[in-house]
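K.L.:
Sending over upload.cif (mmCIF, C-alpha atoms).
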```cif
data_final
#
loop_
_atom_site.group_PDB
_atom_site.id
_atom_site.type_symbol
_atom_site.label_atom_id
_atom_site.label_comp_id
_atom_site.auth_asym_id
_atom_site.auth_seq_id
_atom_site.Cartn_x
_atom_site.Cartn_y
_atom_site.Cartn_z
ATOM 1 C CA MET A 1 -4.445 -18.983 -46.659
ATOM 2 C CA LEU A 2 -5.957 -15.968 -44.889
ATOM 3 C CA THR A 3 -8.577 -14.072 -46.827
ATOM 4 C CA PRO A 4 -9.990 -10.620 -46.022
ATOM 5 C CA ASN A 5 -13.099 -12.319 -44.656
ATOM 6 C CA THR A 6 -10.995 -14.551 -42.398
ATOM 7 C CA LEU A 7 -9.112 -11.542 -41.109
ATOM 8 C CA LYS A 8 -12.379 -9.749 -40.420
ATOM 9 C CA ILE A 9 -13.777 -12.679 -38.432
ATOM 10 C CA GLU A 10 -10.613 -13.021 -36.354
ATOM 11 C CA SER A 11 -10.622 -9.293 -35.651
ATOM 12 C CA MET A 12 -14.254 -9.447 -34.505
ATOM 13 C CA ASP A 13 -13.536 -12.398 -32.222
ATOM 14 C CA ARG A 14 -10.789 -10.449 -30.445
ATOM 15 C CA GLN A 15 -12.863 -7.309 -29.980
ATOM 16 C CA ILE A 16 -13.922 -6.671 -26.379
ATOM 17 C CA ASN A 17 -17.512 -5.469 -26.171
ATOM 18 C CA ASN A 18 -18.497 -3.319 -23.191
ATOM 19 C CA LYS A 19 -22.062 -3.975 -22.069
ATOM 20 C CA THR A 20 -24.508 -3.537 -19.205
ATOM 21 C CA VAL A 21 -27.432 -5.644 -18.014
ATOM 22 C CA LYS A 22 -29.895 -4.850 -15.242
ATOM 23 C CA VAL A 23 -29.945 -7.339 -12.348
ATOM 24 C CA ASP A 24 -32.541 -6.666 -9.649
ATOM 25 C CA GLY A 25 -32.516 -2.980 -10.519
ATOM 26 C CA VAL A 26 -28.690 -2.708 -10.563
ATOM 27 C CA ASN A 27 -26.883 -2.078 -13.842
ATOM 28 C CA ILE A 28 -24.023 -4.566 -14.060
ATOM 29 C CA PHE A 29 -21.217 -3.573 -16.399
ATOM 30 C CA TYR A 30 -19.401 -6.424 -18.095
ATOM 31 C CA ARG A 31 -16.886 -7.088 -20.832
ATOM 32 C CA GLU A 32 -17.443 -9.808 -23.406
ATOM 33 C CA ALA A 33 -15.136 -11.202 -26.065
ATOM 34 C CA GLY A 34 -15.013 -14.226 -28.343
ATOM 35 C CA ASN A 35 -17.603 -16.392 -30.028
ATOM 36 C CA ARG A 36 -20.412 -17.610 -27.761
ATOM 37 C CA GLU A 37 -20.256 -20.988 -29.505
ATOM 38 C CA ASN A 38 -16.827 -21.554 -27.949
ATOM 39 C CA PRO A 39 -16.292 -22.694 -24.330
ATOM 40 C CA THR A 40 -17.097 -19.886 -21.898
ATOM 41 C CA ILE A 41 -14.829 -18.602 -19.115
ATOM 42 C CA LEU A 42 -16.441 -16.425 -16.447
ATOM 43 C CA LEU A 43 -13.771 -14.132 -14.998
ATOM 44 C CA LEU A 44 -14.380 -12.862 -11.454
ATOM 45 C CA HIS A 45 -12.140 -10.060 -10.255
ATOM 46 C CA GLY A 46 -10.674 -9.422 -6.840
ATOM 47 C CA PHE A 47 -10.110 -6.388 -4.613
ATOM 48 C CA PRO A 48 -9.540 -3.524 -5.339
ATOM 49 C CA THR A 49 -9.948 -3.932 -9.060
ATOM 50 C CA SER A 50 -12.633 -4.765 -11.612
ATOM 51 C CA SER A 51 -13.011 -6.477 -14.986
ATOM 52 C CA ILE A 52 -10.211 -4.236 -16.207
ATOM 53 C CA MET A 53 -7.740 -6.769 -14.762
ATOM 54 C CA PHE A 54 -8.803 -9.241 -17.468
ATOM 55 C CA LYS A 55 -8.614 -7.063 -20.602
ATOM 56 C CA ASN A 56 -5.313 -8.462 -21.877
ATOM 57 C CA LEU A 57 -6.306 -12.035 -21.066
ATOM 58 C CA MET A 58 -9.621 -11.629 -22.872
ATOM 59 C CA THR A 59 -7.954 -10.328 -26.001
ATOM 60 C CA ALA A 60 -5.381 -13.124 -25.974
ATOM 61 C CA LEU A 61 -7.882 -15.960 -25.419
ATOM 62 C CA SER A 62 -10.813 -14.727 -27.477
ATOM 63 C CA ASP A 63 -9.688 -16.590 -30.612
ATOM 64 C CA LYS A 64 -10.654 -19.927 -29.016
ATOM 65 C CA PHE A 65 -12.873 -19.052 -26.054
ATOM 66 C CA HIS A 66 -15.865 -16.961 -25.065
ATOM 67 C CA LEU A 67 -15.024 -14.684 -22.140
ATOM 68 C CA ILE A 68 -17.258 -12.768 -19.737
ATOM 69 C CA ALA A 69 -15.915 -10.405 -17.043
ATOM 70 C CA PRO A 70 -18.420 -8.488 -14.874
ATOM 71 C CA ASP A 71 -17.889 -5.701 -12.346
ATOM 72 C CA TYR A 72 -19.557 -6.240 -8.978
ATOM 73 C CA PRO A 73 -22.027 -3.636 -7.679
ATOM 74 C CA GLY A 74 -19.996 -0.732 -6.323
ATOM 75 C CA PHE A 75 -16.891 -1.785 -8.287
ATOM 76 C CA GLY A 76 -15.529 -0.694 -11.637
ATOM 77 C CA PHE A 77 -18.262 0.633 -13.901
ATOM 78 C CA SER A 78 -21.278 -1.160 -12.457
ATOM 79 C CA ASP A 79 -23.875 0.842 -10.527
ATOM 80 C CA PHE A 80 -22.877 1.949 -7.043
ATOM 81 C CA PRO A 81 -26.190 1.763 -5.138
ATOM 82 C CA TYR A 82 -26.612 3.585 -1.845
ATOM 83 C CA SER A 83 -26.024 1.360 1.162
ATOM 84 C CA LYS A 84 -29.607 1.940 2.297
ATOM 85 C CA ASP A 85 -30.768 0.329 -0.953
ATOM 86 C CA PHE A 86 -28.182 -2.437 -1.285
ATOM 87 C CA GLU A 87 -26.580 -4.781 1.226
ATOM 88 C CA TYR A 88 -22.831 -4.786 0.681
ATOM 89 C CA SER A 89 -21.963 -8.311 1.762
ATOM 90 C CA PHE A 90 -20.208 -11.140 -0.018
ATOM 91 C CA GLU A 91 -23.393 -13.183 0.100
ATOM 92 C CA ASN A 92 -25.482 -10.480 -1.577
ATOM 93 C CA ILE A 93 -22.892 -9.689 -4.232
ATOM 94 C CA ALA A 94 -22.632 -13.412 -5.014
ATOM 95 C CA PHE A 95 -26.435 -13.515 -5.253
ATOM 96 C CA HIS A 96 -26.385 -10.722 -7.839
ATOM 97 C CA MET A 97 -23.520 -12.278 -9.780
ATOM 98 C CA ASP A 98 -25.399 -15.578 -9.904
ATOM 99 C CA LYS A 99 -28.436 -13.742 -11.261
ATOM 100 C CA PHE A 100 -26.116 -11.970 -13.708
ATOM 101 C CA THR A 101 -25.082 -15.307 -15.241
ATOM 102 C CA LYS A 102 -28.750 -16.116 -15.749
ATOM 103 C CA ALA A 103 -29.523 -12.663 -17.151
ATOM 104 C CA ILE A 104 -26.953 -13.118 -19.928
ATOM 105 C CA ASN A 105 -27.975 -16.752 -20.414
ATOM 106 C CA LEU A 106 -24.780 -18.568 -19.452
ATOM 107 C CA LYS A 107 -25.688 -22.257 -19.512
ATOM 108 C CA SER A 108 -22.289 -23.677 -18.519
ATOM 109 C CA PHE A 109 -18.840 -22.229 -18.012
ATOM 110 C CA THR A 110 -15.363 -22.488 -16.562
ATOM 111 C CA ILE A 111 -15.003 -20.068 -13.659
ATOM 112 C CA TYR A 112 -11.854 -18.033 -12.900
ATOM 113 C CA LEU A 113 -11.529 -17.111 -9.214
ATOM 114 C CA HIS A 114 -9.215 -14.423 -7.873
ATOM 115 C CA ASP A 115 -9.171 -12.852 -4.387
ATOM 116 C CA TYR A 116 -12.735 -11.545 -3.658
ATOM 117 C CA GLY A 117 -13.811 -13.416 -6.765
ATOM 118 C CA SER A 118 -13.008 -16.702 -5.047
ATOM 119 C CA TYR A 119 -15.567 -16.128 -2.294
ATOM 120 C CA ILE A 120 -18.156 -14.857 -4.753
ATOM 121 C CA GLY A 121 -17.477 -17.515 -7.371
ATOM 122 C CA MET A 122 -17.490 -20.427 -4.970
ATOM 123 C CA ARG A 123 -20.961 -19.412 -3.821
ATOM 124 C CA ILE A 124 -22.015 -19.546 -7.475
ATOM 125 C CA CYS A 125 -20.486 -23.020 -7.752
ATOM 126 C CA LEU A 126 -22.456 -24.221 -4.721
ATOM 127 C CA LYS A 127 -25.716 -23.057 -6.286
ATOM 128 C CA ASN A 128 -24.979 -24.301 -9.801
ATOM 129 C CA PRO A 129 -22.761 -27.408 -9.701
ATOM 130 C CA ASP A 130 -24.246 -28.633 -12.986
ATOM 131 C CA LYS A 131 -23.125 -25.469 -14.794
ATOM 132 C CA ILE A 132 -19.469 -25.513 -13.724
ATOM 133 C CA GLU A 133 -17.239 -27.140 -16.352
ATOM 134 C CA ALA A 134 -13.935 -26.382 -14.614
ATOM 135 C CA ILE A 135 -12.336 -24.057 -12.076
ATOM 136 C CA ILE A 136 -9.279 -21.827 -12.403
ATOM 137 C CA ILE A 137 -8.041 -20.439 -9.082
ATOM 138 C CA GLN A 138 -5.425 -17.699 -9.158
ATOM 139 C CA ASN A 139 -4.436 -16.582 -5.651
ATOM 140 C CA GLY A 140 -7.953 -17.223 -4.383
ATOM 141 C CA ASN A 141 -8.621 -18.162 -0.759
ATOM 142 C CA ASN A 142 -10.639 -21.296 0.135
ATOM 143 C CA TYR A 143 -8.504 -22.833 2.918
ATOM 144 C CA TYR A 144 -7.324 -21.556 6.290
ATOM 145 C CA GLU A 145 -3.739 -22.285 5.269
ATOM 146 C CA GLY A 146 -3.872 -19.195 3.077
ATOM 147 C CA LEU A 147 -4.449 -17.007 6.119
ATOM 148 C CA GLY A 148 -0.969 -16.624 7.521
ATOM 149 C CA PRO A 149 0.159 -14.529 10.529
ATOM 150 C CA GLN A 150 -0.569 -11.362 8.554
ATOM 151 C CA TRP A 151 -4.262 -11.994 9.250
ATOM 152 C CA ASP A 152 -3.927 -12.095 13.045
ATOM 153 C CA GLU A 153 -4.575 -8.376 13.531
ATOM 154 C CA MET A 154 -7.539 -8.435 11.158
ATOM 155 C CA ASN A 155 -9.089 -11.379 13.012
ATOM 156 C CA ASP A 156 -8.498 -9.609 16.297
ATOM 157 C CA TYR A 157 -10.269 -6.515 14.988
ATOM 158 C CA TRP A 158 -13.312 -8.498 13.860
ATOM 159 C CA GLU A 159 -13.543 -10.139 17.277
ATOM 160 C CA ASN A 160 -12.801 -7.003 19.330
ATOM 161 C CA PRO A 161 -13.292 -3.880 17.184
ATOM 162 C CA THR A 162 -11.960 -0.544 18.413
ATOM 163 C CA LYS A 163 -11.416 2.796 16.671
ATOM 164 C CA GLU A 164 -7.659 2.469 17.082
ATOM 165 C CA LYS A 165 -7.567 -0.977 15.467
ATOM 166 C CA LYS A 166 -9.845 0.174 12.676
ATOM 167 C CA LYS A 167 -7.585 3.114 11.806
ATOM 168 C CA LYS A 168 -4.528 0.872 11.648
ATOM 169 C CA LEU A 169 -6.018 -2.100 9.826
ATOM 170 C CA TYR A 170 -8.010 -0.201 7.237
ATOM 171 C CA ALA A 171 -5.081 1.818 5.962
ATOM 172 C CA PHE A 172 -5.292 -0.423 2.888
ATOM 173 C CA LEU A 173 -8.425 1.541 1.879
ATOM 174 C CA SER A 174 -6.205 4.291 0.498
ATOM 175 C CA GLU A 175 -4.190 5.177 -2.577
ATOM 176 C CA GLU A 176 -1.077 3.563 -1.123
ATOM 177 C CA GLY A 177 -3.058 0.509 -0.032
ATOM 178 C CA THR A 178 -4.454 0.128 -3.529
ATOM 179 C CA LYS A 179 -0.993 0.335 -5.080
ATOM 180 C CA ALA A 180 0.329 -2.154 -2.529
ATOM 181 C CA GLN A 181 -2.049 -4.833 -3.863
ATOM 182 C CA TYR A 182 0.096 -4.879 -7.000
ATOM 183 C CA PHE A 183 3.583 -4.227 -5.644
ATOM 184 C CA LEU A 184 3.831 -5.490 -2.064
ATOM 185 C CA GLY A 185 6.162 -8.487 -1.812
ATOM 186 C CA VAL A 186 6.906 -8.462 -5.550
ATOM 187 C CA PRO A 187 10.642 -8.474 -6.427
ATOM 188 C CA GLU A 188 11.779 -5.190 -7.939
ATOM 189 C CA ARG A 189 12.782 -6.886 -11.188
ATOM 190 C CA LEU A 190 9.074 -7.576 -11.837
ATOM 191 C CA HIS A 191 7.852 -4.020 -11.166
ATOM 192 C CA GLN A 192 8.296 -3.145 -14.832
ATOM 193 C CA ASN A 193 5.582 -5.696 -15.671
ATOM 194 C CA ILE A 194 2.935 -3.851 -13.640
ATOM 195 C CA SER A 195 0.949 -1.296 -15.632
ATOM 196 C CA PRO A 196 0.455 1.924 -13.647
ATOM 197 C CA GLU A 197 -3.018 2.488 -15.069
ATOM 198 C CA SER A 198 -4.201 -0.708 -13.371
ATOM 199 C CA TRP A 199 -3.907 0.508 -9.778
ATOM 200 C CA ILE A 200 -4.527 4.164 -10.706
ATOM 201 C CA ILE A 201 -7.913 3.327 -12.253
ATOM 202 C CA ASP A 202 -8.687 1.064 -9.280
ATOM 203 C CA TRP A 203 -8.050 3.965 -6.913
ATOM 204 C CA GLU A 204 -10.059 6.402 -9.044
ATOM 205 C CA ARG A 205 -13.074 4.091 -8.786
ATOM 206 C CA MET A 206 -12.538 3.468 -5.061
ATOM 207 C CA SER A 207 -12.147 7.156 -4.227
ATOM 208 C CA ARG A 208 -15.620 8.075 -5.489
ATOM 209 C CA PRO A 209 -17.711 9.728 -2.760
ATOM 210 C CA GLY A 210 -18.949 7.058 -0.360
ATOM 211 C CA ASN A 211 -17.064 4.155 -1.922
ATOM 212 C CA LEU A 212 -14.491 3.743 0.831
ATOM 213 C CA ASN A 213 -17.302 3.497 3.355
ATOM 214 C CA MET A 214 -18.928 0.847 1.176
ATOM 215 C CA GLN A 215 -15.643 -1.064 0.958
ATOM 216 C CA TYR A 216 -15.400 -0.938 4.745
ATOM 217 C CA LYS A 217 -18.937 -2.301 5.161
ATOM 218 C CA LEU A 218 -18.226 -5.102 2.712
ATOM 219 C CA ASN A 219 -14.983 -5.974 4.455
ATOM 220 C CA CYS A 220 -16.804 -6.218 7.780
ATOM 221 C CA THR A 221 -18.561 -9.280 6.307
ATOM 222 C CA TYR A 222 -15.223 -10.837 5.290
ATOM 223 C CA ASN A 223 -15.128 -13.489 7.997
ATOM 224 C CA THR A 224 -18.431 -14.916 6.717
ATOM 225 C CA ASN A 225 -16.310 -16.308 3.900
ATOM 226 C CA PHE A 226 -14.253 -18.368 6.318
ATOM 227 C CA GLU A 227 -17.451 -19.907 7.630
ATOM 228 C CA MET A 228 -18.090 -21.154 4.083
ATOM 229 C CA PHE A 229 -14.748 -22.976 3.747
ATOM 230 C CA PRO A 230 -16.160 -26.386 4.802
ATOM 231 C CA ASP A 231 -18.923 -26.011 2.195
ATOM 232 C CA PHE A 232 -16.470 -24.987 -0.514
ATOM 233 C CA GLN A 233 -14.203 -27.935 0.268
ATOM 234 C CA GLU A 234 -17.129 -30.349 0.350
ATOM 235 C CA TYR A 235 -18.087 -29.073 -3.109
ATOM 236 C CA PHE A 236 -14.593 -29.935 -4.342
ATOM 237 C CA ARG A 237 -14.751 -33.436 -2.868
ATOM 238 C CA LYS A 238 -18.244 -34.177 -4.130
ATOM 239 C CA TYR A 239 -18.093 -32.822 -7.678
ATOM 240 C CA GLN A 240 -14.365 -33.127 -8.475
ATOM 241 C CA PRO A 241 -14.276 -30.313 -11.043
ATOM 242 C CA SER A 242 -11.230 -30.103 -13.278
ATOM 243 C CA ALA A 243 -9.047 -27.515 -11.585
ATOM 244 C CA LEU A 244 -6.057 -25.342 -12.394
ATOM 245 C CA ILE A 245 -4.351 -23.687 -9.422
ATOM 246 C CA ILE A 246 -2.058 -20.762 -10.234
ATOM 247 C CA TRP A 247 -0.226 -18.996 -7.406
ATOM 248 C CA GLY A 248 2.162 -16.065 -7.327
ATOM 249 C CA LYS A 249 4.411 -17.167 -4.474
ATOM 250 C CA TYR A 250 5.255 -13.620 -3.364
ATOM 251 C CA ASP A 251 1.621 -12.948 -2.468
ATOM 252 C CA VAL A 252 1.617 -11.288 0.964
ATOM 253 C CA TYR A 253 -2.158 -11.591 1.344
ATOM 254 C CA PHE A 254 -2.703 -15.330 0.787
ATOM 255 C CA ASP A 255 0.107 -17.654 1.771
ATOM 256 C CA VAL A 256 1.538 -19.927 -0.924
ATOM 257 C CA ALA A 257 0.950 -22.874 1.455
ATOM 258 C CA GLU A 258 -2.697 -22.765 0.399
ATOM 259 C CA ALA A 259 -1.880 -23.619 -3.213
ATOM 260 C CA TYR A 260 -1.003 -27.158 -2.176
ATOM 261 C CA CYS A 261 -4.178 -27.649 -0.120
ATOM 262 C CA TYR A 262 -6.398 -28.168 -3.137
ATOM 263 C CA LYS A 263 -4.790 -31.537 -3.776
ATOM 264 C CA LYS A 264 -6.394 -32.822 -0.566
ATOM 265 C CA ASP A 265 -9.847 -32.468 -2.086
ATOM 266 C CA LEU A 266 -8.979 -32.322 -5.793
ATOM 267 C CA PRO A 267 -6.182 -34.869 -6.284
ATOM 268 C CA LYS A 268 -6.132 -34.300 -10.048
ATOM 269 C CA ALA A 269 -5.770 -30.538 -9.754
ATOM 270 C CA LYS A 270 -2.905 -29.019 -11.731
ATOM 271 C CA THR A 271 -0.891 -26.733 -9.439
ATOM 272 C CA HIS A 272 1.636 -24.162 -10.639
ATOM 273 C CA ILE A 273 3.655 -21.833 -8.392
ATOM 274 C CA LEU A 274 4.926 -18.745 -10.219
ATOM 275 C CA GLU A 275 7.644 -16.220 -9.492
ATOM 276 C CA GLY A 276 5.023 -13.522 -9.108
ATOM 277 C CA GLY A 277 2.724 -11.744 -6.705
ATOM 278 C CA HIS A 278 -0.932 -11.395 -5.806
ATOM 279 C CA MET A 279 -1.709 -9.886 -9.208
ATOM 280 C CA ALA A 280 -0.088 -12.624 -11.273
ATOM 281 C CA LEU A 281 -1.834 -11.459 -14.456
ATOM 282 C CA GLU A 282 0.329 -8.349 -14.208
ATOM 283 C CA THR A 283 3.640 -9.878 -13.179
ATOM 284 C CA ASN A 284 3.437 -13.206 -15.056
ATOM 285 C CA PHE A 285 0.990 -12.685 -17.910
ATOM 286 C CA ASP A 286 2.564 -15.004 -20.477
ATOM 287 C CA GLU A 287 2.840 -17.865 -17.990
ATOM 288 C CA VAL A 288 -0.768 -17.509 -16.827
ATOM 289 C CA LEU A 289 -2.006 -17.226 -20.397
ATOM 290 C CA ASN A 290 -0.179 -20.372 -21.523
ATOM 291 C CA LEU A 291 -1.296 -22.350 -18.468
ATOM 292 C CA ILE A 292 -4.930 -21.444 -19.049
ATOM 293 C CA ARG A 293 -4.803 -22.154 -22.765
ATOM 294 C CA SER A 294 -3.200 -25.559 -22.160
ATOM 295 C CA PHE A 295 -5.633 -26.406 -19.345
ATOM 296 C CA MET A 296 -8.693 -25.431 -21.356
ATOM 297 C CA THR A 297 -7.476 -27.373 -24.391
ATOM 298 C CA ASN A 298 -6.361 -30.579 -22.668
ATOM 299 C CA ARG A 299 -8.575 -31.045 -19.599
#
```
How does the structure come out when it is put into C-alpha cells?

P.N.:
Amino acid sequence: MLTPNTLKIESMDRQINNKTVKVDGVNIFYREAGNRENPTILLLHGFPTSSIMFKNLMTALSDKFHLIAPDYPGFGFSDFPYSKDFEYSFENIAFHMDKFTKAINLKSFTIYLHDYGSYIGMRICLKNPDKIEAIIIQNGNNYYEGLGPQWDEMNDYWENPTKEKKKKLYAFLSEEGTKAQYFLGVPERLHQNISPESWIIDWERMSRPGNLNMQYKLNCTYNTNFEMFPDFQEYFRKYQPSALIIWGKYDVYFDVAEAYCYKKDLPKAKTHILEGGHMALETNFDEVLNLIRSFMTNR
C-alpha cells in the first residue's frame, strides 16, 4: 500500500536535478536523477544536441537507476570557452568528460553512447575499463561499416580541403542541418514522434556567436576517431563488456550494417534494429526504454 511518505520518495527519485561542476576551469552542466545507491548510467549525447535528449529517459528510468547526463564544453548549457583557451577536439573533450566522472565521484557505471558520445565515451572506456559495468550503443559509430557512401565527400574534404568543398559539406552547420539530424530518412508516419523543441533548442545553442566556428574546428578532428577504431574494437575483445546495441535503421549518418559488426568482437551482445532514425529516443522512445530496462535488469 502506498503511503504519503512512499509517494514523496518516488517523486524525489524521478526529479531531475540540474547541476554544474568545475572541471579544469570549465563549468560542466549536467542532469542527475535517481538514487545514487542504484546502478548508474552515464548518458553521453551526440551532435548537435546535449543532455536535453535524455530528459524523458531519465524520468522514466529514475525509479530503478541513477542517471547522469553531462553537456560537453561548448554544447548545451556547459561553458563555451574561447578557442584560444580550449582545444576543441574529440580527444580533449573526452579528457574533460573523464575528469567529470571523477569530479562527481562515479566509481562504476553503464555507459550510453550515441553519435559523438560514442567517440567520447569509448575513450573513457579505454582509460577506465575497471569502471565500465556495461555498454549501451544507440546509433554510435565504432566500425568502418557504419561509414557508408554518404561519407565519401567528407573524407575527400579532409584529405583535400578547398573552400568550395567546405561550403558544400558544412551546410549541416545550419538550422536546416540541425533539423535534418532528427528528420532525415525518417518515414513521415514517425514525424509526429519528434518534439520540435528538441532541434529548436539544439539550434539556439549552436547559433550562439562563435559556436558554429567551434563546431567546425571540432569536426575537423573527426577523422581522429576513425584512427581509434582498432583500439575500441580491441577493448571489446579484451574486456567483453555486456552490451546492448540499438539501431534506428533509417539512420542516414551511420549505416545499419554497423549494428551487426559488434557481434564480431562481442558475441554475446544483444542487437535490436528499430523502425526509427538517428535519434531513436525521439522516434522509438518506448522501445528504447523497454530494451534498456530489460538489459539493465537481466544482464

K.L.:
Any idea what the distance is between atom CA of Ala269 of chain A and atom CA of Ser89 of chain A?

P.N.:
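Going from atom CA of Ala269 of chain A over to atom CA of Ser89 of chain A covers 29.8 Å.
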
K.L.:
Calculate how many Å separate atom CA of Gly146 of chain A from atom CA of Leu266 of chain A, rounding to one decimal.

P.N.:
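Between atom CA of Gly146 of chain A and atom CA of Leu266 of chain A the gap works out to 16.6 Å.
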
K.L.:
Identify the residues around (-21.2, -25.6, -4.2) within a radius of 10 Å, measuring from only C-alpha atoms in the coordinates stated by the file, and give them as a ChimeraX atom specification.

P.N.:
/A:121-130,132,228,231-236,238-239

K.L.:
Kindly export the residues of the current selection with C-alpha atoms, as a short mmCIF file (atom, residue, chain, number, x, y, z; two decimals), in the coordinates of the input.

P.N.:
```cif
data_model
loop_
_atom_site.label_atom_id
_atom_site.label_comp_id
_atom_site.auth_asym_id
_atom_site.auth_seq_id
_atom_site.Cartn_x
_atom_site.Cartn_y
_atom_site.Cartn_z
CA GLY A 121 -17.48 -17.52 -7.37
CA MET A 122 -17.49 -20.43 -4.97
CA ARG A 123 -20.96 -19.41 -3.82
CA ILE A 124 -22.02 -19.55 -7.48
CA CYS A 125 -20.49 -23.02 -7.75
CA LEU A 126 -22.46 -24.22 -4.72
CA LYS A 127 -25.72 -23.06 -6.29
CA ASN A 128 -24.98 -24.30 -9.80
CA PRO A 129 -22.76 -27.41 -9.70
CA ASP A 130 -24.25 -28.63 -12.99
CA ILE A 132 -19.47 -25.51 -13.72
CA MET A 228 -18.09 -21.15 4.08
CA ASP A 231 -18.92 -26.01 2.19
CA PHE A 232 -16.47 -24.99 -0.51
CA GLN A 233 -14.20 -27.94 0.27
CA GLU A 234 -17.13 -30.35 0.35
CA TYR A 235 -18.09 -29.07 -3.11
CA PHE A 236 -14.59 -29.94 -4.34
CA LYS A 238 -18.24 -34.18 -4.13
CA TYR A 239 -18.09 -32.82 -7.68
#
```

K.L.:
Please evaluate the PyMOL selection byres ((chain A and resi 145) around 9) against the structure above and give the resulting residues as a PyMOL selection string.

P.N.:
chain A and resi 141-144+146-148+254-259+261

K.L.:
Tell me which residues the PyMOL selection byres ((chain A and resi 135) around 7) grabs here, as an NGL selection string.

P.N.:
:A and (110-112 or 134 or 136-137 or 241-244)

K.L.:
Which residues come within 12 Å of Val186 of chain A, counting only C-alpha atoms, excluding same-chain residues fewer than 4 positions away, as a short mmCIF file (atom, residue, chain, number, x, y, z; two decimals) with C-alpha atoms, keeping the file's coordinate frame?

P.N.:
```cif
data_model
loop_
_atom_site.label_atom_id
_atom_site.label_comp_id
_atom_site.auth_asym_id
_atom_site.auth_seq_id
_atom_site.Cartn_x
_atom_site.Cartn_y
_atom_site.Cartn_z
CA LYS A 179 -0.99 0.34 -5.08
CA ALA A 180 0.33 -2.15 -2.53
CA GLN A 181 -2.05 -4.83 -3.86
CA TYR A 182 0.10 -4.88 -7.00
CA LEU A 190 9.07 -7.58 -11.84
CA HIS A 191 7.85 -4.02 -11.17
CA GLN A 192 8.30 -3.14 -14.83
CA ASN A 193 5.58 -5.70 -15.67
CA ILE A 194 2.94 -3.85 -13.64
CA GLY A 248 2.16 -16.07 -7.33
CA LYS A 249 4.41 -17.17 -4.47
CA TYR A 250 5.26 -13.62 -3.36
CA ASP A 251 1.62 -12.95 -2.47
CA VAL A 252 1.62 -11.29 0.96
CA TYR A 253 -2.16 -11.59 1.34
CA LEU A 274 4.93 -18.74 -10.22
CA GLU A 275 7.64 -16.22 -9.49
CA GLY A 276 5.02 -13.52 -9.11
CA GLY A 277 2.72 -11.74 -6.70
CA HIS A 278 -0.93 -11.40 -5.81
CA MET A 279 -1.71 -9.89 -9.21
CA ALA A 280 -0.09 -12.62 -11.27
CA GLU A 282 0.33 -8.35 -14.21
CA THR A 283 3.64 -9.88 -13.18
CA ASN A 284 3.44 -13.21 -15.06
#
```

K.L.:
Which polymer residues have any atom within 10 Å of an atom of Gly74 of chain A, counting all atoms listed in the file, with same-chain residues fewer than 2 positions away left out, as a list in words?

P.N.:
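In the requested form, the answer reads Val26, Ile28, Ser50, Asp71, Tyr72, Gly76, Phe77, Ser78, Asp79, Phe80, Pro81, Tyr82, Ser83, Phe86, Tyr88, Ile93, Arg205, Met206, Arg208, Gly210, Asn211, Met214 and Gln215 of chain A.
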
K.L.:
I'd like the contact shell of segment 53-67 of chain A - 6 Å cut-off, all atoms listed in the file, skipping same-chain residues fewer than 6 positions apart - returned as a PyMOL selection string.

P.N.:
chain A and resi 13-14+32-36+38-41

K.L.:
Separation of atom CA of Ile245 of chain A and atom CA of Thr271 of chain A, in Å?

P.N.:
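Calculated distance between atom CA of Ile245 of chain A and atom CA of Thr271 of chain A is 4.6 Å.
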
K.L.:
Find the residue from A:Leu218, A:Leu113, A:Val21, A:Ile104 that sits nearest to Phe75 of chain A; use only C-alpha atoms when measuring.

P.N.:
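Checking each candidate against Phe75 of chain A, we get A:Leu218 as the closest.
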
K.L.:
Between A:Asn139, A:Phe109, A:Asp156, A:Asp24, which has the minimum distance to His96 of chain A (counting all atoms listed in the file)?

P.N.:
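When distances to His96 of chain A are compared using all atoms listed in the file, the smallest one comes from A:Asp24.
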
K.L.:
Name the closest residue to Thr221 of chain A among the candidates A:Phe90, A:Glu153, A:Ser51, A:Arg189; distances are taken between atoms, counting all atoms listed in the file.

P.N.:
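Once distances to Thr221 of chain A are computed over all atoms listed in the file, the minimum belongs to A:Phe90.
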
K.L.:
Written as a PyMOL selection string, what is the full residue list that the PyMOL selection byres ((chain A and resi 43) around 6) yields on the file shown?

P.N.:
chain A and resi 42+44+69+112

K.L.:
When distances are computed from only C-alpha atoms, which of A:Glu91, A:Asp152, A:Asp98, A:Asp85 shows the smallest separation from Pro70 of chain A?

P.N.:
A:Asp98

K.L.:
Quick one: of A:Ile201, A:Glu37, A:Ile68, A:Lys102, who's nearest to Lys22 of chain A, counting all atoms listed in the file?

P.N.:
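Of A:Ile201, A:Glu37, A:Ile68, A:Lys102, the one nearest Lys22 of chain A, counting all atoms listed in the file, is A:Lys102.
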
K.L.:
Which one of A:Met154, A:Glu287, A:Ile292, A:Trp203 sits closest to Glu176 of chain A if you count all atoms listed in the file?

P.N.:
A:Trp203
